[in-house]
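Participant: There's a structure below that I have some questions on.
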Amino acid sequence: MPRNDAKQPTSATPPLSSITSIIAVVDDDQALRDSLVWLLESVGLTTHAFADGEAFLAAEHGDYGALLLDVRMPGMSGLQVQQQLVEHRAALPVIMMTGHGDVPMAVAALKNGAFDFIEKPFNHQQLIDVVQQALGNAYEQRRAVQQHRRLKARYQSLRPKEQNIVAHVAEGMTSKEIAEHMQISGKTVEVYRLRAMKAMGAANLAELVRQAVALELVPTLTPTPSPDE
């Protein structure tokens, strides 16, 4: 049964939030687009289809959770569309759809950050599994970004001396060393450190250090290669 390329959200409840469960399908083959829309919506995934890469890039693609992208299309190829997304720093997992002989192009896409590729003709369950994995990956990445933003906001809310103490703790300095370095009393160091831990939501010093590392307040240690490496 014919379907419009511009799909409206269905009433089915997606497995993730509505923001991260919308799938974009970009392929110049209308029969394949319709088939993919039917398949994905049959498992509760809202799907928007596009006949070419230009139409997809012209649309607002920030709300999509994953992209099924054909490698070979008239006009912009799938690789060119992917490169545009990379240049615009779009956090969107891309699943390349390849035909016979397109594996080298799929490998190039993987090297450029694609999530996976799947060969035509598709195994329906395999396609659904890959899409669900991509959605899960996108969900975790977005959650990590949100957590990092919250952590950064907490750190920026600290007083300058509290920020300095967090950095010095992460550097491995003792309270006595911090006091001497900052020319304040050891008791003041303890007060500022406890305030910082409370504001940062750190339950203990180890967690405070991990937060400082996540915020890149101190450099991470590069593992020393073993003699056998």
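Every chain in the structure tokens takes a letter, A first, then B, and so on in the order presented; its residues are numbered from 1, and the ligands are numbered from 1 following the presented order.
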Using 12 Å as the limit and counting only C-alpha atoms, can you tabulate each residue of region 85-169 of chain A that touches region 203-221 of chain A, with its shortest atom-to-atom distance in Å and the two atoms involved, as JSON lines?
Facilitator:
{"residue": "A:Ala144", "atom": "CA", "partner": "A:Ala214", "partner_atom": "CA", "distance": 10.9}
{"residue": "A:Val145", "atom": "CA", "partner": "A:Ala214", "partner_atom": "CA", "distance": 11.3}
{"residue": "A:Gln147", "atom": "CA", "partner": "A:Ala214", "partner_atom": "CA", "distance": 10.5}
{"residue": "A:His148", "atom": "CA", "partner": "A:Leu215", "partner_atom": "CA", "distance": 7.8}
{"residue": "A:Arg149", "atom": "CA", "partner": "A:Leu215", "partner_atom": "CA", "distance": 9.6}
{"residue": "A:Arg150", "atom": "CA", "partner": "A:Leu215", "partner_atom": "CA", "distance": 10.9}
{"residue": "A:Leu151", "atom": "CA", "partner": "A:Gln211", "partner_atom": "CA", "distance": 7.6}
{"residue": "A:Lys152", "atom": "CA", "partner": "A:Leu215", "partner_atom": "CA", "distance": 6.8}
{"residue": "A:Ala153", "atom": "CA", "partner": "A:Leu215", "partner_atom": "CA", "distance": 10.6}
{"residue": "A:Arg154", "atom": "CA", "partner": "A:Gln211", "partner_atom": "CA", "distance": 10.6}
{"residue": "A:Tyr155", "atom": "CA", "partner": "A:Leu215", "partner_atom": "CA", "distance": 8.7}
{"residue": "A:Gln156", "atom": "CA", "partner": "A:Leu215", "partner_atom": "CA", "distance": 10.7}
{"residue": "A:Gln163", "atom": "CA", "partner": "A:Leu217", "partner_atom": "CA", "distance": 9.5}
{"residue": "A:Asn164", "atom": "CA", "partner": "A:Leu217", "partner_atom": "CA", "distance": 9.5}
{"residue": "A:Ile165", "atom": "CA", "partner": "A:Ala212", "partner_atom": "CA", "distance": 10.6}
{"residue": "A:Val166", "atom": "CA", "partner": "A:Ala212", "partner_atom": "CA", "distance": 7.0}
{"residue": "A:Ala167", "atom": "CA", "partner": "A:Leu217", "partner_atom": "CA", "distance": 5.9}
{"residue": "A:His168", "atom": "CA", "partner": "A:Val218", "partner_atom": "CA", "distance": 8.8}
{"residue": "A:Val169", "atom": "CA", "partner": "A:Val209", "partner_atom": "CA", "distance": 6.9}
Participant: List every residue of region 39-127 of chain A that DSSP, applied to the backbone of this structure, assigns to alpha helix (DSSP H), and report them as number ranges by chain.
Facilitator: A: 39-42, 53-58, 78-87, 103-111, 124-127
Participant: Find, counting only C-alpha atoms, the residue in A:Val25, A:Arg143, A:Leu158, A:Leu39 that gets nearest to Asn123 (chain A).
Facilitator: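 Comparing A:Val25, A:Arg143, A:Leu158, A:Leu39 against Asn123 (chain A), the winner is A:Leu39.
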Participant: Go through A:Ala24, A:Asp63, A:Gln126, A:Met182 and flag the residue nearest His48 (chain A), using only C-alpha atoms for the distances.
Facilitator: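 Using only C-alpha atoms, His48 (chain A) sits closest to A:Ala24.
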Participant: Between A:Ser21, A:Ala59, A:Gln83, A:Gly75, which has the minimum distance to Gln133 (chain A) (counting only C-alpha atoms)?
Facilitator: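 Of A:Ser21, A:Ala59, A:Gln83, A:Gly75, the one nearest Gln133 (chain A), counting only C-alpha atoms, is A:Ser21.
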Participant: Just give me the gap between CA of Gln80 (chain A) and CA of Phe115 (chain A) in Å, one decimal is fine.
Facilitator: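 The value is 15.8 Å.
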